[in-house]
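K.L.:
Below is run-v3.cif; it holds mmCIF, C-alpha atoms (C1' of nucleotides).
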data_start
#
loop_
_atom_site.label_atom_id
_atom_site.label_comp_id
_atom_site.auth_asym_id
_atom_site.auth_seq_id
_atom_site.Cartn_x
_atom_site.Cartn_y
_atom_site.Cartn_z
CA MET A 1 18.85 18.62 17.81
CA THR A 2 19.97 15.61 15.82
CA TYR A 3 23.19 15.37 17.81
CA ALA A 4 21.21 13.84 20.66
CA ALA A 5 20.70 10.54 18.84
CA ALA A 6 24.28 10.61 17.64
CA LEU A 7 25.63 11.01 21.16
CA GLN A 8 23.44 8.23 22.45
CA ALA A 9 24.54 6.00 19.59
CA LEU A 10 28.23 6.63 20.22
CA ALA A 11 27.84 6.01 23.93
CA ASP A 12 27.94 2.25 23.41
CA PRO A 13 31.43 0.66 23.25
CA THR A 14 30.40 -1.94 20.67
CA ARG A 15 29.00 0.72 18.37
CA ARG A 16 32.19 2.75 18.71
CA ALA A 17 34.13 -0.38 17.77
CA ILE A 18 31.97 -0.71 14.67
CA VAL A 19 32.65 2.92 13.80
CA GLU A 20 36.38 2.30 14.28
CA LYS A 21 36.22 -0.53 11.75
CA LEU A 22 34.42 1.72 9.31
CA ARG A 23 37.11 4.38 9.60
CA HIS A 24 39.23 2.25 7.28
CA GLY A 25 36.53 2.08 4.66
CA PRO A 26 33.12 0.63 3.78
CA ARG A 27 32.30 -2.82 5.15
CA SER A 28 29.55 -5.37 4.77
CA VAL A 29 27.64 -6.65 7.77
CA GLY A 30 29.44 -9.96 7.68
CA GLN A 31 32.81 -8.25 7.63
CA LEU A 32 31.81 -6.05 10.53
CA ALA A 33 30.42 -8.92 12.58
CA GLN A 34 33.65 -10.83 12.13
CA GLY A 35 35.92 -10.33 15.13
CA PHE A 36 33.07 -9.59 17.51
CA ARG A 37 32.00 -12.03 20.18
CA ILE A 38 28.40 -10.98 19.85
CA SER A 39 26.07 -12.50 17.29
CA ARG A 40 25.52 -11.07 13.83
CA PRO A 41 21.93 -10.00 14.56
CA ALA A 42 23.28 -7.99 17.47
CA VAL A 43 25.61 -6.22 15.06
CA SER A 44 22.66 -5.56 12.78
CA GLN A 45 20.79 -3.92 15.63
CA HIS A 46 23.76 -1.70 16.39
CA LEU A 47 24.00 -0.76 12.74
CA ARG A 48 20.36 0.18 12.82
CA VAL A 49 20.91 2.51 15.77
CA LEU A 50 23.91 4.13 14.13
CA SER A 51 22.01 4.56 10.86
CA CYS A 52 18.98 6.10 12.55
CA ALA A 53 21.33 8.50 14.29
CA GLY A 54 22.53 9.66 10.88
CA LEU A 55 26.05 8.38 11.38
CA LEU A 56 25.97 5.60 8.77
CA ASP A 57 24.98 5.05 5.18
CA VAL A 58 23.89 1.80 3.55
CA VAL A 59 24.44 0.63 0.00
CA PRO A 60 22.89 -2.66 -1.09
CA VAL A 61 25.33 -4.65 -3.21
CA GLY A 62 23.74 -7.81 -4.42
CA ALA A 63 22.65 -9.82 -1.44
CA ARG A 64 24.81 -7.89 0.97
CA ARG A 65 24.58 -4.46 2.50
CA VAL A 66 27.64 -2.28 2.68
CA TYR A 67 27.83 0.32 5.43
CA ARG A 68 30.03 3.40 5.59
CA LEU A 69 30.46 6.50 7.74
CA ARG A 70 28.23 9.43 6.91
CA PRO A 71 30.24 12.68 7.16
CA GLU A 72 27.21 14.93 7.69
CA GLY A 73 26.21 13.10 10.85
CA PHE A 74 29.61 13.55 12.40
CA ALA A 75 29.78 17.12 11.16
CA GLN A 76 26.72 18.11 13.17
CA LEU A 77 28.11 16.51 16.28
CA ARG A 78 31.39 18.25 15.63
CA VAL A 79 29.74 21.65 15.45
CA TYR A 80 27.78 21.02 18.63
CA LEU A 81 30.91 20.11 20.55
CA GLU A 82 32.82 22.97 19.04
CA ASP A 83 30.31 25.48 20.43
CA LEU A 84 30.15 23.68 23.74
CA TRP A 85 33.91 23.75 24.06
CA ARG A 86 33.97 27.46 23.28
CA ASP A 87 31.42 28.22 25.99
CA ALA A 88 33.38 26.03 28.39
CA LEU A 89 36.45 28.17 27.74
CA ARG A 90 34.46 31.35 28.19
CA THR A 91 32.72 30.41 31.43
CA PHE A 92 35.97 29.09 32.82
CA ASP A 93 37.24 32.66 33.03
CA THR A 94 34.19 33.96 34.86
CA PRO A 95 34.63 34.15 38.64
CA VAL A 96 32.97 31.46 40.72
CA LEU A 97 31.32 33.96 43.08
CA PRO A 98 29.67 36.45 40.74
CA ALA A 99 26.23 36.93 42.22
CA PRO A 100 24.96 35.20 45.36
CA SER A 101 22.23 37.84 45.45
CA GLY A 102 21.69 38.85 41.83
CA GLU A 103 20.83 35.80 39.78
CA ASP A 104 22.96 35.64 36.69
CA MET B 1 40.57 6.90 25.62
CA THR B 2 38.96 9.31 28.04
CA TYR B 3 36.40 10.37 25.44
CA ALA B 4 34.52 7.13 26.11
CA ALA B 5 33.29 8.26 29.51
CA ALA B 6 32.55 11.72 28.14
CA LEU B 7 30.39 10.31 25.34
CA GLN B 8 28.53 8.06 27.73
CA ALA B 9 27.98 11.00 30.10
CA LEU B 10 26.62 13.26 27.36
CA ALA B 11 24.31 10.53 26.09
CA ASP B 12 21.77 11.26 28.83
CA PRO B 13 19.27 14.09 28.10
CA THR B 14 19.17 15.27 31.71
CA ARG B 15 22.94 15.54 31.84
CA ARG B 16 22.95 17.50 28.60
CA ALA B 17 20.36 19.84 30.14
CA ILE B 18 22.68 20.34 33.10
CA VAL B 19 25.53 21.11 30.74
CA GLU B 20 23.31 23.59 28.90
CA LYS B 21 22.66 25.41 32.17
CA LEU B 22 26.38 25.52 32.88
CA ARG B 23 27.08 27.09 29.49
CA HIS B 24 25.90 30.38 30.96
CA GLY B 25 28.28 30.16 33.87
CA PRO B 26 29.07 28.33 37.12
CA ARG B 27 26.11 27.13 39.18
CA SER B 28 25.55 25.57 42.56
CA VAL B 29 23.76 22.23 42.91
CA GLY B 30 20.63 23.93 44.21
CA GLN B 31 20.56 26.29 41.27
CA LEU B 32 21.03 23.41 38.86
CA ALA B 33 18.37 21.26 40.48
CA GLN B 34 15.87 24.11 40.25
CA GLY B 35 13.71 23.72 37.17
CA PHE B 36 14.14 19.97 36.99
CA ARG B 37 11.35 17.59 37.83
CA ILE B 38 13.75 15.07 39.23
CA SER B 39 14.97 15.21 42.82
CA ARG B 40 18.11 17.01 43.93
CA PRO B 41 19.97 13.78 44.77
CA ALA B 42 19.32 12.65 41.21
CA VAL B 43 20.99 15.83 40.00
CA SER B 44 23.90 15.15 42.32
CA GLN B 45 24.32 11.72 40.79
CA HIS B 46 24.35 13.21 37.30
CA LEU B 47 26.92 15.77 38.41
CA ARG B 48 29.04 12.93 39.70
CA VAL B 49 28.94 11.17 36.35
CA LEU B 50 29.83 14.35 34.48
CA SER B 51 32.66 15.10 36.88
CA CYS B 52 34.11 11.60 36.63
CA ALA B 53 34.00 11.97 32.86
CA GLY B 54 36.21 15.02 33.16
CA LEU B 55 33.57 17.40 31.88
CA LEU B 56 32.95 19.32 35.11
CA ASP B 57 34.90 21.06 37.85
CA VAL B 58 33.79 21.61 41.43
CA VAL B 59 34.62 24.50 43.74
CA PRO B 60 33.39 24.35 47.34
CA VAL B 61 32.09 27.73 48.42
CA GLY B 62 30.99 27.63 52.01
CA ALA B 63 28.36 25.00 52.40
CA ARG B 64 27.62 24.83 48.72
CA ARG B 65 29.46 23.35 45.80
CA VAL B 66 29.74 25.30 42.59
CA TYR B 67 30.10 23.37 39.34
CA ARG B 68 31.40 24.63 36.01
CA LEU B 69 32.35 23.24 32.62
CA ARG B 70 35.88 21.90 32.26
CA PRO B 71 37.28 22.94 28.88
CA GLU B 72 39.91 20.17 28.72
CA GLY B 73 37.27 17.47 28.90
CA PHE B 74 35.37 18.88 25.97
CA ALA B 75 38.60 19.55 24.11
CA GLN B 76 39.49 15.86 24.07
CA LEU B 77 36.06 14.92 22.81
CA ARG B 78 36.36 17.64 20.21
CA VAL B 79 39.63 16.25 18.90
CA TYR B 80 38.24 12.72 18.78
CA LEU B 81 35.26 13.80 16.73
CA GLU B 82 37.40 15.99 14.53
CA ASP B 83 39.51 13.00 13.50
CA LEU B 84 36.47 10.80 13.13
CA TRP B 85 34.80 13.33 10.89
CA ARG B 86 37.94 13.60 8.75
CA ASP B 87 38.08 9.83 8.26
CA ALA B 88 34.39 9.85 7.43
CA LEU B 89 35.05 12.36 4.69
CA ARG B 90 37.97 10.33 3.40
CA THR B 91 36.21 6.96 3.32
CA PHE B 92 33.18 8.53 1.75
CA ASP B 93 35.18 9.04 -1.44
CA THR B 94 36.38 5.45 -1.62
CA PRO B 95 34.29 3.24 -3.91
CA VAL B 96 31.88 0.83 -2.27
CA LEU B 97 33.14 -2.12 -4.30
CA PRO B 98 36.88 -1.88 -3.97
CA ALA B 99 37.98 -5.40 -3.18
CA PRO B 100 35.69 -8.40 -2.86
CA SER B 101 38.81 -10.49 -3.19
CA GLY B 102 41.61 -8.37 -1.81
CA GLU B 103 40.76 -7.32 1.74
CA ASP B 104 41.26 -3.63 2.27
"C1'" DC C 1 13.38 -24.57 -9.72
"C1'" DG C 2 15.72 -25.99 -5.12
"C1'" DG C 3 19.52 -24.80 -2.08
"C1'" DC C 4 22.68 -21.44 -0.13
"C1'" DT C 5 24.43 -17.13 1.37
"C1'" DG C 6 23.63 -12.65 3.55
"C1'" DC C 7 20.87 -9.93 6.27
"C1'" DG C 8 16.87 -7.78 8.93
"C1'" DT C 9 13.16 -8.55 12.31
"C1'" DA C 10 10.50 -10.58 16.33
"C1'" DA C 11 10.14 -12.33 20.87
"C1'" DG C 12 12.07 -13.21 25.16
"C1'" DT C 13 15.81 -12.87 28.85
"C1'" DC C 14 18.91 -10.38 31.81
"C1'" DA C 15 21.91 -6.66 33.31
"C1'" DT C 16 22.40 -1.85 33.89
"C1'" DA C 17 21.17 2.96 34.50
"C1'" DG C 18 18.27 6.41 36.37
"C1'" DC C 19 15.02 7.53 39.89
"C1'" DT C 20 13.22 7.75 44.66
"C1'" DT C 21 13.35 8.11 49.81
"C1'" DA C 22 16.12 8.11 53.85
"C1'" DC C 23 20.12 9.34 56.11
"C1'" DG C 24 24.64 11.65 57.57
"C1'" DG C 25 27.90 15.23 57.49
"C1'" DT C 26 29.69 20.08 57.04
"C1'" DA C 27 29.05 25.20 57.06
"C1'" DA C 28 26.66 29.32 58.53
"C1'" DG C 29 23.33 31.85 61.51
"C1'" DT C 30 21.19 33.00 66.01
"C1'" DA D 1 25.18 24.92 71.25
"C1'" DC D 2 21.01 24.40 68.49
"C1'" DT D 3 18.96 24.98 64.20
"C1'" DT D 4 18.82 25.46 59.39
"C1'" DA D 5 20.67 25.30 54.68
"C1'" DC D 6 23.25 22.65 51.37
"C1'" DC D 7 24.85 18.58 49.60
"C1'" DG D 8 26.69 13.61 48.93
"C1'" DT D 9 25.81 8.65 49.72
"C1'" DA D 10 23.22 4.23 50.46
"C1'" DA D 11 19.59 1.08 49.48
"C1'" DG D 12 15.91 -0.33 46.79
"C1'" DC D 13 12.73 -0.19 42.73
"C1'" DT D 14 11.77 -0.01 37.83
"C1'" DA D 15 12.35 0.86 33.08
"C1'" DT D 16 15.42 0.67 29.37
"C1'" DG D 17 18.80 -1.45 26.44
"C1'" DA D 18 21.89 -5.05 24.82
"C1'" DC D 19 21.99 -9.85 23.79
"C1'" DT D 20 20.25 -14.41 22.35
"C1'" DT D 21 17.67 -17.78 19.35
"C1'" DA D 22 14.30 -18.46 15.84
"C1'" DC D 23 12.37 -17.01 11.74
"C1'" DG D 24 11.50 -14.84 7.09
"C1'" DC D 25 12.83 -12.68 2.95
"C1'" DA D 26 15.74 -11.19 -1.09
"C1'" DG D 27 19.71 -12.29 -4.30
"C1'" DC D 28 22.95 -15.79 -6.45
"C1'" DC D 29 24.18 -20.38 -8.42
"C1'" DG D 30 23.73 -25.34 -9.51
#
Using C-alpha cells, write down the structure from this file.

P.N.:
Amino acid sequence: MTYAAALQALADPTRRAIVEKLRHGPRSVGQLAQGFRISRPAVSQHLRVLSCAGLLDVVPVGARRVYRLRPEGFAQLRVYLEDLWRDALRTFDTPVLPAPSGED
Amino acid sequence: MTYAAALQALADPTRRAIVEKLRHGPRSVGQLAQGFRISRPAVSQHLRVLSCAGLLDVVPVGARRVYRLRPEGFAQLRVYLEDLWRDALRTFDTPVLPAPSGED
DNA sequence: CGGCTGCGTAAGTCATAGCTTACGGTAAGT
DNA sequence: ACTTACCGTAAGCTATGACTTACGCAGCCG
C-alpha cells in the first residue's frame, strides 16, 4: 500500500523535476534549489514529501544534506504498475457486454 | 510526457479505487458509482480525469457508457517508471561525495 | 568565541481540486 | 408521445496543498 504515497508525491510537477535532477546523481538541497523559481524552503518541503513517500534517501555531509533516489521506493511502484498493466491487457480482451443480467 | 497526467490522475485514492474495480473487467458508470459514498456525478468527473489521462476507454452501450482500462496508458507509465527505477539503481552506487569542486 | 553557511520548521496566504445539487440530453420501454 | 433510466455538465462551496517570509538550529572557519 506504500505506492499510494509515492503516486501522490510524483503527481506534482516540481517534485518530478527534483527527481529528474536526482537521476544524474546525489545532490545537496542547495544544488537542487538552484534553477528553480521557488524558494529553497519550498524545495525542502518537496524533499520531505518525497522522502516520506520512500522515494528519497538523505545523507548528512557536514552542514549539508545530500539527497538521492531510493531504488526500493520506485521498485514498489514499478511492481504495482506492472500488475495493473497486466490486468489492463487482460480485461481489454473481455467483451464489453458480458453480463447485463448476471453480475460479473 | 503523457505520464504526467497519468500520475496526477492516479494520485487520487477514489480514482485508484475506480481503477481497482475496472481491473476485474469493464463496468458502467452506475456499476462503478455503486459502493462509493460520493455522488454519481463525482464519479463521472473522476472518470473524465482518468479518460483524459489516457488510462480509460469508453464504449457507449445503449443509454449507458461502459468504461475499461486502456493498456497503452498504463504501458507508458510503466516504461517511465522502469527507466526511473534503473537510474535510481545506478545513482545509488555512486558515492555521495564525488565532486564538491567538479560539478557532476 | 562570534559570524557565516546550509537547512528544516512554523505560521499565514492563496489557488486548486474534489464534492454537492441542479439541470439537460439521449436511449429504451409502455 | 410520455415516462423512466442513465449519464455528462454547470455552478458554487470547502478543504487541501503549494508557496512565501520569518525564525531557529547545527556545522565550519576566522

K.L.:
Write out chain A, as an mmCIF file with C-alpha atoms, in the frame of the given file, after superposing it onto chain B by least squares using every C-alpha atom paired in order.

P.N.:
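Result went into out06.cif, see below:
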data_model
loop_
_atom_site.group_PDB
_atom_site.id
_atom_site.type_symbol
_atom_site.label_atom_id
_atom_site.label_comp_id
_atom_site.auth_asym_id
_atom_site.auth_seq_id
_atom_site.Cartn_x
_atom_site.Cartn_y
_atom_site.Cartn_z
ATOM 1 C CA MET A 1 40.581 6.952 25.604
ATOM 2 C CA THR A 2 38.974 9.359 28.033
ATOM 3 C CA TYR A 3 36.413 10.416 25.443
ATOM 4 C CA ALA A 4 34.559 7.170 26.082
ATOM 5 C CA ALA A 5 33.312 8.286 29.498
ATOM 6 C CA ALA A 6 32.549 11.723 28.133
ATOM 7 C CA LEU A 7 30.399 10.323 25.342
ATOM 8 C CA GLN A 8 28.548 8.072 27.728
ATOM 9 C CA ALA A 9 27.993 10.984 30.088
ATOM 10 C CA LEU A 10 26.614 13.229 27.356
ATOM 11 C CA ALA A 11 24.319 10.503 26.089
ATOM 12 C CA ASP A 12 21.785 11.234 28.821
ATOM 13 C CA PRO A 13 19.274 14.043 28.087
ATOM 14 C CA THR A 14 19.165 15.228 31.701
ATOM 15 C CA ARG A 15 22.936 15.522 31.846
ATOM 16 C CA ARG A 16 22.949 17.478 28.592
ATOM 17 C CA ALA A 17 20.354 19.795 30.124
ATOM 18 C CA ILE A 18 22.660 20.311 33.091
ATOM 19 C CA VAL A 19 25.528 21.098 30.735
ATOM 20 C CA GLU A 20 23.291 23.575 28.895
ATOM 21 C CA LYS A 21 22.630 25.387 32.169
ATOM 22 C CA LEU A 22 26.337 25.514 32.876
ATOM 23 C CA ARG A 23 27.046 27.083 29.495
ATOM 24 C CA HIS A 24 25.858 30.377 30.963
ATOM 25 C CA GLY A 25 28.244 30.159 33.869
ATOM 26 C CA PRO A 26 29.039 28.356 37.128
ATOM 27 C CA ARG A 27 26.092 27.115 39.183
ATOM 28 C CA SER A 28 25.538 25.552 42.569
ATOM 29 C CA VAL A 29 23.759 22.236 42.926
ATOM 30 C CA GLY A 30 20.632 23.894 44.220
ATOM 31 C CA GLN A 31 20.545 26.271 41.283
ATOM 32 C CA LEU A 32 21.015 23.408 38.868
ATOM 33 C CA ALA A 33 18.362 21.243 40.496
ATOM 34 C CA GLN A 34 15.878 24.082 40.265
ATOM 35 C CA GLY A 35 13.706 23.701 37.176
ATOM 36 C CA PHE A 36 14.134 19.943 37.002
ATOM 37 C CA ARG A 37 11.334 17.563 37.852
ATOM 38 C CA ILE A 38 13.755 15.045 39.257
ATOM 39 C CA SER A 39 14.962 15.171 42.838
ATOM 40 C CA ARG A 40 18.103 16.970 43.940
ATOM 41 C CA PRO A 41 19.964 13.747 44.786
ATOM 42 C CA ALA A 42 19.330 12.624 41.226
ATOM 43 C CA VAL A 43 20.981 15.814 40.013
ATOM 44 C CA SER A 44 23.899 15.116 42.324
ATOM 45 C CA GLN A 45 24.338 11.691 40.779
ATOM 46 C CA HIS A 46 24.354 13.188 37.302
ATOM 47 C CA LEU A 47 26.914 15.737 38.405
ATOM 48 C CA ARG A 48 29.049 12.924 39.696
ATOM 49 C CA VAL A 49 28.956 11.158 36.333
ATOM 50 C CA LEU A 50 29.809 14.337 34.467
ATOM 51 C CA SER A 51 32.661 15.096 36.870
ATOM 52 C CA CYS A 52 34.124 11.603 36.609
ATOM 53 C CA ALA A 53 33.999 11.970 32.846
ATOM 54 C CA GLY A 54 36.200 15.048 33.161
ATOM 55 C CA LEU A 55 33.550 17.411 31.867
ATOM 56 C CA LEU A 56 32.937 19.331 35.105
ATOM 57 C CA ASP A 57 34.867 21.056 37.838
ATOM 58 C CA VAL A 58 33.792 21.613 41.436
ATOM 59 C CA VAL A 59 34.615 24.496 43.734
ATOM 60 C CA PRO A 60 33.407 24.355 47.331
ATOM 61 C CA VAL A 61 32.085 27.738 48.431
ATOM 62 C CA GLY A 62 31.054 27.637 52.023
ATOM 63 C CA ALA A 63 28.413 24.999 52.438
ATOM 64 C CA ARG A 64 27.658 24.816 48.751
ATOM 65 C CA ARG A 65 29.458 23.338 45.795
ATOM 66 C CA VAL A 66 29.721 25.294 42.593
ATOM 67 C CA TYR A 67 30.081 23.376 39.345
ATOM 68 C CA ARG A 68 31.369 24.637 36.013
ATOM 69 C CA LEU A 69 32.323 23.257 32.607
ATOM 70 C CA ARG A 70 35.841 21.931 32.268
ATOM 71 C CA PRO A 71 37.283 22.978 28.879
ATOM 72 C CA GLU A 72 39.894 20.205 28.734
ATOM 73 C CA GLY A 73 37.252 17.498 28.887
ATOM 74 C CA PHE A 74 35.362 18.926 25.962
ATOM 75 C CA ALA A 75 38.593 19.591 24.110
ATOM 76 C CA GLN A 76 39.490 15.906 24.071
ATOM 77 C CA LEU A 77 36.070 14.975 22.808
ATOM 78 C CA ARG A 78 36.365 17.686 20.205
ATOM 79 C CA VAL A 79 39.642 16.312 18.907
ATOM 80 C CA TYR A 80 38.266 12.785 18.764
ATOM 81 C CA LEU A 81 35.285 13.878 16.707
ATOM 82 C CA GLU A 82 37.427 16.064 14.531
ATOM 83 C CA ASP A 83 39.555 13.077 13.493
ATOM 84 C CA LEU A 84 36.511 10.885 13.097
ATOM 85 C CA TRP A 85 34.857 13.435 10.860
ATOM 86 C CA ARG A 86 37.988 13.699 8.739
ATOM 87 C CA ASP A 87 38.131 9.939 8.222
ATOM 88 C CA ALA A 88 34.425 9.952 7.409
ATOM 89 C CA LEU A 89 35.100 12.476 4.651
ATOM 90 C CA ARG A 90 38.015 10.447 3.363
ATOM 91 C CA THR A 91 36.289 7.067 3.278
ATOM 92 C CA PHE A 92 33.241 8.638 1.702
ATOM 93 C CA ASP A 93 35.243 9.140 -1.482
ATOM 94 C CA THR A 94 36.461 5.558 -1.643
ATOM 95 C CA PRO A 95 34.388 3.330 -3.936
ATOM 96 C CA VAL A 96 31.962 0.932 -2.299
ATOM 97 C CA LEU A 97 33.209 -2.073 -4.289
ATOM 98 C CA PRO A 98 36.978 -1.922 -3.875
ATOM 99 C CA ALA A 99 37.939 -5.490 -3.098
ATOM 100 C CA PRO A 100 35.492 -8.391 -2.855
ATOM 101 C CA SER A 101 38.504 -10.679 -3.199
ATOM 102 C CA GLY A 102 41.418 -8.731 -1.739
ATOM 103 C CA GLU A 103 40.622 -7.739 1.815
ATOM 104 C CA ASP A 104 41.298 -4.083 2.350
#

K.L.:
Would you list which chain D residues are within 9 Å of chain A using all atoms listed in the file, as a ChimeraX atom specification?

P.N.:
/D:18-20,26-28

K.L.:
Within 12 Å of Arg23 in chain A, counting all atoms listed in the file, which residues show up once you throw out same-chain ones fewer than 2 positions away? Write them as a ChimeraX atom specification, please.

P.N.:
/A:16-21,25-27,32,55-56,67-71 /B:81,83-92,94,104

K.L.:
Please write the residues picked by the PyMOL selection byres ((chain D and resi 9) around 12) on this file as a list in words.

P.N.:
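So the PyMOL selection byres ((chain D and resi 9) around 12), applied here, picks out Pro41, Ala42, Ser44, Gln45 and Arg48 of chain B; DA22, DC23, DG24 and DG25 of chain C; DC7, DG8, DA10 and DA11 of chain D.
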
K.L.:
Quick check: residues of chain C within 7 Å of chain B, only C-alpha atoms (C1' of nucleotides), returned as a PyMOL selection string.

P.N.:
chain C and resi 19+26-27

K.L.:
Could you tell me how far CA of Arg78 in chain B sits from CA of Val43 in chain A, in Å to one decimal place?

P.N.:
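One can read the CA of Val43 in chain A to CA of Arg78 in chain B distance as 26.7 Å.
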
K.L.:
Compare B:Gly35, B:Tyr80, B:Leu47, B:Arg40 by their minimum atom-to-atom distance to chain A, counting only C-alpha atoms, and give me the closest one.

P.N.:
B:Tyr80

K.L.:
Using the chain letters and numbering of this document, enumerate as an NGL selection string the residues selected by the PyMOL selection byres ((chain A and resi 54) around 10).

P.N.:
:A and (2-3 or 5-6 or 9 or 48-53 or 55-57 or 69-74 or 76)

K.L.:
Listed atoms of range 5-24 of chain C, axis-aligned box, 6 Å per side: centre and edge lengths to one decimal in Å, as JSON?

P.N.:
{"center_x": 17.4, "center_y": -2.7, "center_z": 29.5, "size_x": 26.5, "size_y": 40.8, "size_z": 68.2}

K.L.:
Quote the spacing between C1' of DT5 in chain C and CA of Arg15 in chain A in Å to one decimal place.

P.N.:
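According to the coordinates, C1' of DT5 in chain C and CA of Arg15 in chain A are separated by 25.1 Å.
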
K.L.:
Which polymer residues have any atom within 12 Å of an atom of DT3 in chain D, counting only C-alpha atoms (C1' of nucleotides), with same-chain residues fewer than 3 positions away left out, as a ChimeraX atom specification?

P.N.:
/C:28-30

K.L.:
For each of A:Arg65, A:Val58, A:Met1, A:Glu82, take the minimum atom-to-atom distance to chain B, counting all atoms listed in the file, then give the residue where this is smallest.

P.N.:
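Selected residue with least distance to chain B: A:Glu82.
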
K.L.:
List as a JSON list (two decimals) with C-alpha atoms (C1' of nucleotides), in the frame of the given file the residues having at least one atom at most 8 Å from position (23.1, -3.4, 32.2) as given in the file, counting only C-alpha atoms (C1' of nucleotides).

P.N.:
[["chain", "number", "residue", "atom", "x", "y", "z"],
["C", 15, "DA", "C1'", 21.91, -6.66, 33.31],
["C", 16, "DT", "C1'", 22.40, -1.85, 33.89],
["C", 17, "DA", "C1'", 21.17, 2.96, 34.50],
["D", 17, "DG", "C1'", 18.80, -1.45, 26.44],
["D", 18, "DA", "C1'", 21.89, -5.05, 24.82]]
